[in-house]
Amino acid sequence: MTQVPSAHPLRGRTALVTGAAGGMGRVIATTLAAQGAAMILVVRRPEQGEALKHEIALATGNLEVDFLVADLSDQASIRQMVAAFHRQYTQLHILVNNAGIHLQERQLSKDGIEMHFAVNHLAPFLLSNLLLNTLKFSAPARIVNVSSQTMTDTRPLPFFGRPHPAVLDLNDLQSERNFEPVSAYGRSKLAMVMCGYVLARRFQGGGVTVNALHPGITATDIVADIAPPQAQPFLGLVKRFLLTPEQGAASTVRLASAAELENVTGKYFIRAHEQRSPEGSYDLAAQERLWKASAALVNLI
């Protein structure tokens, strides 16, 4: 007899999505909820969480939707959010590190860290590490890191100037000597991928997988943020040729939930296809140096 797939394959599982109020995060969270997962939405403001919680429950019929508030640029806020998580939950099966930021000028976080590096890399690094024990207890579990193709040598949109690869300078992780917005963004996403490879090795055989992906060039607020002034008048036209948030979210949801990927770990995907991340990202010594530097910056050493 042919087995009919469950309409709610994630029922009984708990998922946490950062950046849940954003264009793609909202779709990821809604889709996972529709598959039956108990959803935890990480948002910046309580009113965002309340509105999104009711929106997702209404759209999916899933009433197991809650939210936690955190400023992901602030390490104390992340720790407070994780403490709140531990007071309410004992299990976590899916962690989607989706939140991201792009700024045109170099800014520092409350912790004195360059903002791209703080939000795009150190926030998921710290969050993943603080939730490790819960993920291991809940195994099989998955960590999905939403990266970006800006860490490669191809710019994602026209009007962005001369293409160049994101090279991670381990002696200048915070772009103090050389700040350029798209490159700083790309380097932070590259750092996320490299530390994901370290985490995947450490989890090998432990029931927790760690993978990263570029979801495709998606018409979200990040695109508008990345675009330089000369590109702004063309954004409406450009976005017509980009993926919708629904299309962009699909590959993230697949990594988070597809049965055929349950044992796949330490990989990088572009949409649904496994690909190579930049060659330098596979340097084991560089990965370990980056891990130690990151751990020091978030006081995990």
# chains A, B, ... in the order shown; residues from 1 in each chain; ligands from 1

call {"tool": "residues_around", "arguments": {"residues": "Ala34 (chain A)", "least_positions_apart": "4", "cutoff": "12 Å", "atoms": "only C-alpha atoms", "output": "list in words"}}
result
Ser6, Ala7, His8, Pro9, Leu10, Arg11, Ala15, Val27, Ile28, Ala29, Thr30, Ala38, Met39, Ile56, Ala57, Leu58, Ala59, Thr60, Gly61, Asn62, Leu63, Glu64, Val65, Val253 and Ser257 of chain A

call {"tool": "write_last_selection", "arguments": {"atoms": "C-alpha atoms", "output": "short mmCIF file (atom, residue, chain, number, x, y, z; two decimals), in the first residue's frame"}}
result
data_model
loop_
_atom_site.label_atom_id
_atom_site.label_comp_id
_atom_site.auth_asym_id
_atom_site.auth_seq_id
_atom_site.Cartn_x
_atom_site.Cartn_y
_atom_site.Cartn_z
CA SER A 6 1.25 13.65 6.08
CA ALA A 7 -0.37 17.05 5.59
CA HIS A 8 1.47 18.18 8.73
CA PRO A 9 4.89 16.48 8.59
CA LEU A 10 6.37 18.80 11.26
CA ARG A 11 3.69 18.26 13.89
CA ALA A 15 11.08 25.69 14.97
CA VAL A 27 7.04 33.22 4.50
CA ILE A 28 9.47 30.71 6.05
CA ALA A 29 7.67 30.90 9.39
CA THR A 30 4.21 30.63 7.81
CA ALA A 38 5.24 24.89 16.77
CA MET A 39 6.68 28.26 15.74
CA ILE A 56 0.26 33.10 10.85
CA ALA A 57 -2.29 31.41 13.10
CA LEU A 58 -5.12 32.74 10.94
CA ALA A 59 -3.40 31.73 7.68
CA THR A 60 -2.46 28.20 8.78
CA GLY A 61 -4.90 27.21 11.52
CA ASN A 62 -1.87 26.43 13.68
CA LEU A 63 -2.31 28.01 17.11
CA GLU A 64 1.15 26.97 18.33
CA VAL A 65 2.75 30.24 17.30
CA VAL A 253 12.07 25.54 4.08
CA SER A 257 12.19 20.11 6.68
#

call {"tool": "residues_around", "arguments": {"residues": "region 195-209 of chain A", "least_positions_apart": "6", "cutoff": "12 Å", "atoms": "only C-alpha atoms", "output": "PyMOL selection string"}}
result
chain A and resi 92-97+121-122+124-126+128-129+131-147+188-189+255-257+261-268+277+281-295

call {"tool": "write_last_selection", "arguments": {"atoms": "C-alpha atoms", "output": "JSON list (two decimals), in the first residue's frame"}}
result
[["chain", "number", "residue", "atom", "x", "y", "z"],
["A", 92, "LEU", "CA", 14.08, 22.79, 19.51],
["A", 93, "HIS", "CA", 14.23, 20.84, 16.26],
["A", 94, "ILE", "CA", 14.74, 23.56, 13.65],
["A", 95, "LEU", "CA", 16.78, 26.77, 13.96],
["A", 96, "VAL", "CA", 16.66, 29.06, 10.92],
["A", 97, "ASN", "CA", 19.19, 31.89, 11.13],
["A", 121, "HIS", "CA", 27.62, 36.43, 11.66],
["A", 122, "LEU", "CA", 28.05, 36.85, 15.41],
["A", 124, "PRO", "CA", 23.67, 33.42, 14.55],
["A", 125, "PHE", "CA", 27.00, 32.18, 15.92],
["A", 126, "LEU", "CA", 26.04, 33.12, 19.48],
["A", 128, "SER", "CA", 23.42, 28.60, 17.71],
["A", 129, "ASN", "CA", 25.95, 28.02, 20.47],
["A", 131, "LEU", "CA", 20.93, 26.63, 21.88],
["A", 132, "LEU", "CA", 23.32, 23.73, 21.23],
["A", 133, "ASN", "CA", 22.34, 21.63, 24.23],
["A", 134, "THR", "CA", 18.64, 21.96, 23.45],
["A", 135, "LEU", "CA", 19.22, 21.05, 19.80],
["A", 136, "LYS", "CA", 21.27, 17.99, 20.79],
["A", 137, "PHE", "CA", 18.63, 16.94, 23.32],
["A", 138, "SER", "CA", 15.96, 17.30, 20.62],
["A", 139, "ALA", "CA", 17.86, 15.45, 17.87],
["A", 140, "PRO", "CA", 17.28, 14.90, 15.04],
["A", 141, "ALA", "CA", 17.53, 18.65, 14.65],
["A", 142, "ARG", "CA", 18.67, 21.11, 11.99],
["A", 143, "ILE", "CA", 20.40, 24.48, 11.80],
["A", 144, "VAL", "CA", 19.85, 26.38, 8.55],
["A", 145, "ASN", "CA", 21.99, 29.47, 7.91],
["A", 146, "VAL", "CA", 20.68, 31.84, 5.26],
["A", 147, "SER", "CA", 23.75, 33.22, 3.52],
["A", 188, "SER", "CA", 29.95, 38.56, 7.21],
["A", 189, "LYS", "CA", 27.92, 35.95, 5.31],
["A", 255, "LEU", "CA", 16.65, 22.51, 4.05],
["A", 256, "ALA", "CA", 14.73, 22.84, 7.30],
["A", 257, "SER", "CA", 12.19, 20.11, 6.68],
["A", 261, "LEU", "CA", 18.06, 15.98, 3.68],
["A", 262, "GLU", "CA", 17.79, 14.66, 7.24],
["A", 263, "ASN", "CA", 21.39, 13.38, 7.30],
["A", 264, "VAL", "CA", 22.97, 15.98, 5.01],
["A", 265, "THR", "CA", 25.31, 18.33, 6.88],
["A", 266, "GLY", "CA", 28.19, 20.73, 6.34],
["A", 267, "LYS", "CA", 26.96, 21.71, 2.88],
["A", 268, "TYR", "CA", 26.22, 24.90, 0.97],
["A", 277, "SER", "CA", 31.12, 27.95, -1.44],
["A", 281, "SER", "CA", 35.92, 28.88, 3.01],
["A", 282, "TYR", "CA", 37.20, 25.28, 3.10],
["A", 283, "ASP", "CA", 40.54, 26.21, 4.70],
["A", 284, "LEU", "CA", 40.35, 24.29, 7.99],
["A", 285, "ALA", "CA", 42.97, 26.41, 9.76],
["A", 286, "ALA", "CA", 41.17, 29.60, 8.74],
["A", 287, "GLN", "CA", 37.85, 28.14, 9.92],
["A", 288, "GLU", "CA", 39.27, 27.34, 13.34],
["A", 289, "ARG", "CA", 40.92, 30.77, 13.67],
["A", 290, "LEU", "CA", 37.64, 32.43, 12.76],
["A", 291, "TRP", "CA", 35.75, 30.25, 15.25],
["A", 292, "LYS", "CA", 38.11, 31.22, 18.08],
["A", 293, "ALA", "CA", 37.98, 34.90, 17.16],
["A", 294, "SER", "CA", 34.18, 34.79, 17.00],
["A", 295, "ALA", "CA", 33.93, 32.98, 20.33]]

call {"tool": "closest_residue", "arguments": {"among": "A:Val193, A:Val119, A:Val17, A:Ala258", "to": "Asp66 (chain A)", "atoms": "only C-alpha atoms"}}
result
A:Val17

call {"tool": "residues_around", "arguments": {"residues": "Met24 (chain A)", "least_positions_apart": "2", "cutoff": "8 Å", "atoms": "only C-alpha atoms", "output": "CSV table (one decimal) with N, CA and C atoms, in the first residue's frame"}}
result
chain,number,residue,atom,x,y,z
A,20,ALA,N,11.9,37.0,11.5
A,20,ALA,CA,10.6,36.5,11.1
A,20,ALA,C,9.6,37.5,10.6
A,22,GLY,N,10.5,39.9,8.5
A,22,GLY,CA,10.9,40.3,7.2
A,22,GLY,C,10.2,39.6,6.1
A,26,ARG,N,9.0,35.9,7.1
A,26,ARG,CA,7.5,35.8,7.3
A,26,ARG,C,7.0,34.5,6.5
A,27,VAL,N,7.5,34.4,5.3
A,27,VAL,CA,7.0,33.2,4.5
A,27,VAL,C,7.6,31.9,5.1
A,28,ILE,N,8.9,31.9,5.5
A,28,ILE,CA,9.5,30.7,6.0
A,28,ILE,C,8.7,30.3,7.3
A,220,THR,N,13.5,41.5,-1.5
A,220,THR,CA,13.2,41.8,-0.1
A,220,THR,C,13.9,43.2,0.2
A,245,PRO,N,9.4,36.7,-2.4
A,245,PRO,CA,9.8,36.1,-1.1
A,245,PRO,C,9.3,34.6,-1.0
A,246,GLU,N,8.2,34.3,-1.6
A,246,GLU,CA,7.7,32.9,-1.5
A,246,GLU,C,8.7,31.9,-2.2
A,248,GLY,N,11.9,32.6,-2.8
A,248,GLY,CA,13.2,32.6,-2.0
A,248,GLY,C,13.1,31.8,-0.8
A,249,ALA,N,12.0,31.8,-0.1
A,249,ALA,CA,11.8,31.0,1.1
A,249,ALA,C,11.8,29.5,0.9

call {"tool": "residues_around", "arguments": {"residues": "Gly112 (chain A)", "least_positions_apart": "6", "cutoff": "12 Å", "atoms": "only C-alpha atoms", "output": "list of chain:residue names"}}
result
A:Ser73, A:Asp74, A:Gln75, A:Arg106, A:Ala118, A:Gln174, A:Glu176, A:Leu297, A:Val298

call {"tool": "write_last_selection", "arguments": {"atoms": "C-alpha atoms", "output": "CSV table (one decimal), in the first residue's frame"}}
result
chain,number,residue,atom,x,y,z
A,73,SER,CA,23.0,43.5,17.1
A,74,ASP,CA,23.1,43.4,21.0
A,75,GLN,CA,24.6,40.3,22.6
A,106,ARG,CA,30.2,51.6,8.7
A,118,ALA,CA,27.6,41.6,14.5
A,174,GLN,CA,35.4,44.2,11.3
A,176,GLU,CA,38.3,48.8,10.1
A,297,LEU,CA,33.9,38.5,20.5
A,298,VAL,CA,30.8,36.9,22.0

call {"tool": "select_by_dssp", "arguments": {"residues": "region 56-220 of chain A", "states": "strand (DSSP E or B)", "output": "list in words"}}
result
Val65, Asp66, Phe67, Leu68, Val69, Ile94, Leu95, Val96, Asn97, Leu108, Glu114, Ala141, Arg142, Ile143, Val144, Asn145, Val146, Val208, Thr209, Val210, Asn211, Ala212, Leu213, His214 and Thr218 of chain A

call {"tool": "atom_distance", "arguments": {"atom1": "CA of Gln149 (chain A)", "atom2": "CA of His214 (chain A)"}}
result
5.8 Å

call {"tool": "atom_distance", "arguments": {"atom1": "CA of Ala84 (chain A)", "atom2": "CA of Ala296 (chain A)"}}
result
23.7 Å

call {"tool": "closest_residue", "arguments": {"among": "A:Ser109, A:Ser251, A:Asn120, A:Asn211", "to": "Leu190 (chain A)", "atoms": "only C-alpha atoms"}}
result
A:Asn120

call {"tool": "select_by_dssp", "arguments": {"residues": "region 9-240 of chain A", "states": "helix (DSSP H, G or I)", "output": "JSON, numbers by chain"}}
result
{"A": [23, 24, 25, 26, 27, 28, 29, 30, 31, 32, 33, 34, 46, 47, 48, 49, 50, 51, 52, 53, 54, 55, 56, 57, 58, 59, 60, 75, 76, 77, 78, 79, 80, 81, 82, 83, 84, 85, 86, 87, 88, 115, 116, 117, 118, 119, 120, 121, 122, 123, 124, 125, 126, 127, 128, 129, 130, 132, 133, 134, 135, 136, 137, 138, 149, 150, 151, 181, 182, 183, 184, 185, 186, 187, 188, 189, 190, 191, 192, 193, 194, 195, 196, 197, 198, 199, 200, 201, 202, 203, 221, 222, 223, 224, 225, 226, 229, 230, 231, 232, 233, 234, 235, 236, 237, 238, 239]}

call {"tool": "atom_distance", "arguments": {"atom1": "CA of Glu50 (chain A)", "atom2": "CA of Thr252 (chain A)"}}
result
23.8 Å
